[in-house]
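Step one of this worksheet: look at the structure below.
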Amino acid sequence: MAAELWAAPDAGPWQAERAGAAGTLAELASPKLMALNSWFETELPAAIAARAPERYMTASELVQTVEWKLLQKFRPRLLDMAKALTEEQVRGASGAAFARLLGGGGGGAPAPADALAALAELEVLKGVGPATASALLSAADGSGSTPFMADESLEAALGSREYTGKAFKQLLAALRAKAAWLAEQDPGGGWTAVGVQRCLFAAARRAKGPMKGAAAAPPPKAKAPPKAKAKAVAAPAGGPPAKKQRAKPR
């Protein structure tokens, strides 16, 4: 479980979790989540980076990010609200947020104050809360220092789920500190806050078991054939009228 991984006394369990994360998701996640996860982790960051120096996100990219997030945790109406946002609204808010996040231009970890200010810039979009905003910032931050505010990370690092700017700042500090500790334990391992968050997600996913449609999901149970309706038994000639037989309760 994610909590046990967080409390591991050395880097061994983390190394094992990271090495097996791709296989864990391939086995336990749905094909749609696998496809969107690959897009979110590789294609989206590359697309945002290619727009430098004025990085931004398009409306369709925001919708896909929300779809990716909702496959992990369903929230009614969030997708509809994302689809209602205009291209101008999304580009304006994401452009301002990414400028605050990456304003230093040094390529290192954004300062916590800048990350928090960037989060607020994105929350002006209807339906975009701290968790969704953190996912957008994570995709824009090429240093891997700004993690997605996932349930698994909140529970393991902070002991509770709280979707606020304060909790985001606390989670940012906790995952960066864990990445720094892992770097000491595993020099050259390339540990980042995002890497820590993904390991926690993989550990939690394995504990929960396969999603519907995943490779490891049990096959659906075959439906039992419908029971035939009881028929009336004909009475012998000259006898009393036949009584209908009652069907047994199901």
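Each chain in the structure tokens gets a letter, A, B and so on, in the order shown; residues start at 1 in every chain, and ligands are counted from 1 in the order they appear.
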
Which residues, written as a count of residues only, have at least one atom at most 6 Å from segment 21-38 of chain A, with only C-alpha atoms counted and residues fewer than 5 positions away on the same chain left out? 8

When you look at segment 121-127 of chain A with a cut-off of 8 Å (counting only C-alpha atoms), what residues show up, excluding the ones that are within fewer than 5 positions of it in the same chain? I need them as a PDB file with N, CA and C atoms, in the first residue's frame.
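Listing of around.pdb after writing:
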```
ATOM      1  N   LEU A  78     -17.802  17.646 -13.876  1.00  0.00           N
ATOM      2  CA  LEU A  78     -16.524  18.317 -14.099  1.00  0.00           C
ATOM      3  C   LEU A  78     -16.148  18.332 -15.578  1.00  0.00           C
ATOM      4  N   MET A  81     -18.158  20.943 -17.439  1.00  0.00           N
ATOM      5  CA  MET A  81     -17.669  22.296 -17.173  1.00  0.00           C
ATOM      6  C   MET A  81     -16.377  22.569 -17.945  1.00  0.00           C
ATOM      7  N   ALA A  82     -15.519  21.555 -18.050  1.00  0.00           N
ATOM      8  CA  ALA A  82     -14.278  21.719 -18.806  1.00  0.00           C
ATOM      9  C   ALA A  82     -14.575  21.947 -20.283  1.00  0.00           C
ATOM     10  N   LEU A  85     -15.575  25.573 -21.315  1.00  0.00           N
ATOM     11  CA  LEU A  85     -14.577  26.652 -21.296  1.00  0.00           C
ATOM     12  C   LEU A  85     -14.117  26.964 -22.721  1.00  0.00           C
ATOM     13  N   GLN A  89     -10.301  31.459 -22.731  1.00  0.00           N
ATOM     14  CA  GLN A  89     -10.243  31.330 -21.277  1.00  0.00           C
ATOM     15  C   GLN A  89      -9.108  30.396 -20.843  1.00  0.00           C
ATOM     16  N   VAL A  90      -9.008  29.250 -21.512  1.00  0.00           N
ATOM     17  CA  VAL A  90      -8.002  28.257 -21.127  1.00  0.00           C
ATOM     18  C   VAL A  90      -6.599  28.760 -21.435  1.00  0.00           C
ATOM     19  N   ALA A  93      -5.699  31.686 -18.843  1.00  0.00           N
ATOM     20  CA  ALA A  93      -5.421  31.257 -17.475  1.00  0.00           C
ATOM     21  C   ALA A  93      -4.176  30.379 -17.396  1.00  0.00           C
ATOM     22  N   SER A  94      -4.037  29.438 -18.325  1.00  0.00           N
ATOM     23  CA  SER A  94      -2.869  28.551 -18.282  1.00  0.00           C
ATOM     24  C   SER A  94      -1.586  29.304 -18.606  1.00  0.00           C
ATOM     25  N   ALA A  96      -0.957  32.470 -17.925  1.00  0.00           N
ATOM     26  CA  ALA A  96      -0.591  33.240 -16.730  1.00  0.00           C
ATOM     27  C   ALA A  96      -0.022  32.319 -15.651  1.00  0.00           C
ATOM     28  N   ALA A  97      -0.626  31.135 -15.501  1.00  0.00           N
ATOM     29  CA  ALA A  97      -0.167  30.185 -14.480  1.00  0.00           C
ATOM     30  C   ALA A  97       1.229  29.661 -14.780  1.00  0.00           C
ATOM     31  N   ALA A 133      -5.844  21.647 -11.111  1.00  0.00           N
ATOM     32  CA  ALA A 133      -4.834  22.675 -11.388  1.00  0.00           C
ATOM     33  C   ALA A 133      -3.426  22.120 -11.180  1.00  0.00           C
TER      34      ALA A 133
END
```

In Å, how far is it from atom CA of Glu162 of chain A to atom CA of Ala174 of chain A?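 Between atom CA of Glu162 of chain A and atom CA of Ala174 of chain A the gap works out to 14.5 Å.
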
Could you give me, as an MDAnalysis selection string, the residues within 10 Å of Lys178 of chain A, counting only C-alpha atoms and dropping anything in the same chain fewer than 2 positions from it? chainID A and resid 6 157 173:176 180:184 191:193 196:197

I'd like to know which residues of segment 49-173 of chain A are helix (DSSP H, G or I) (by DSSP, run on the backbone); could you write them as a ChimeraX atom specification? /A:49,59-72,78-84,87-101,112-122,130-140,151-158,165-173

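Minimum atom-to-atom distances from A:Met149, A:Met57, A:Val128, A:Ala2 to Leu79 of chain A were compared using only C-alpha atoms, and the lowest value belongs to A:Val128.
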
As a count of residues only, please: the residues near Ala46 of chain A (cut-off 12 Å, only C-alpha atoms, same-chain neighbours under 2 positions excluded). 19

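Using only C-alpha atoms, the shortest contact distance between Lys169 of chain A and any of A:Leu70, A:Ala204, A:Ala19, A:Ala117 is found at A:Ala117.
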
Pick out the closest residue to Gly159 of chain A from this set: A:Ala3, A:Ala111, A:Leu137, A:Ala207. Count only C-alpha atoms.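 Under the stated criterion, the closest residue is A:Ala3.
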
Quick one: everything within 9 Å of Leu154 of chain A, counting only C-alpha atoms, minus sequence neighbours fewer than 6 positions away in the same chain. Send it as a ChimeraX atom specification. /A:160-162,167-168,171

The selected residues should be written to file as a PDB file, in the first residue's frame (atoms: N, CA, C and O atoms).
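And here's result17.pdb as it stands now:
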```pdb
ATOM      1  N   SER A 160      -4.458  12.659   5.154  1.00  0.00           N
ATOM      2  CA  SER A 160      -5.860  13.015   4.888  1.00  0.00           C
ATOM      3  C   SER A 160      -5.978  13.612   3.495  1.00  0.00           C
ATOM      4  O   SER A 160      -4.979  14.008   2.880  1.00  0.00           O
ATOM      5  N   ARG A 161      -7.208  13.669   3.011  1.00  0.00           N
ATOM      6  CA  ARG A 161      -7.479  14.299   1.723  1.00  0.00           C
ATOM      7  C   ARG A 161      -8.079  15.685   1.963  1.00  0.00           C
ATOM      8  O   ARG A 161      -9.181  15.806   2.486  1.00  0.00           O
ATOM      9  N   GLU A 162      -7.340  16.675   1.587  1.00  0.00           N
ATOM     10  CA  GLU A 162      -7.831  18.049   1.707  1.00  0.00           C
ATOM     11  C   GLU A 162      -7.424  18.789   0.446  1.00  0.00           C
ATOM     12  O   GLU A 162      -6.230  18.881   0.136  1.00  0.00           O
ATOM     13  N   ALA A 167      -3.018  22.635   1.516  1.00  0.00           N
ATOM     14  CA  ALA A 167      -2.648  21.223   1.413  1.00  0.00           C
ATOM     15  C   ALA A 167      -1.714  20.987   0.235  1.00  0.00           C
ATOM     16  O   ALA A 167      -0.797  20.163   0.319  1.00  0.00           O
ATOM     17  N   PHE A 168      -1.926  21.712  -0.859  1.00  0.00           N
ATOM     18  CA  PHE A 168      -1.035  21.580  -2.016  1.00  0.00           C
ATOM     19  C   PHE A 168       0.385  21.991  -1.640  1.00  0.00           C
ATOM     20  O   PHE A 168       1.354  21.306  -1.995  1.00  0.00           O
ATOM     21  N   LEU A 171       1.873  19.270   0.521  1.00  0.00           N
ATOM     22  CA  LEU A 171       2.190  18.082  -0.273  1.00  0.00           C
ATOM     23  C   LEU A 171       3.434  18.316  -1.118  1.00  0.00           C
ATOM     24  O   LEU A 171       4.291  17.431  -1.244  1.00  0.00           O
TER      25      LEU A 171
END
```

Name the closest residue to Tyr163 of chain A among the candidates A:Gln72, A:Gln185, A:Thr146, A:Ser134; distances are taken between atoms, counting only C-alpha atoms.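 Closest residue, counting only C-alpha atoms: A:Ser134.
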
Please report the interatomic distance between atom CA of Gln15 of chain A and atom CA of Gly209 of chain A in Å with one decimal. 21.0 Å

Between atom CA of Glu155 of chain A and atom CA of Arg205 of chain A - distance in Å to one decimal: 13.5 Å
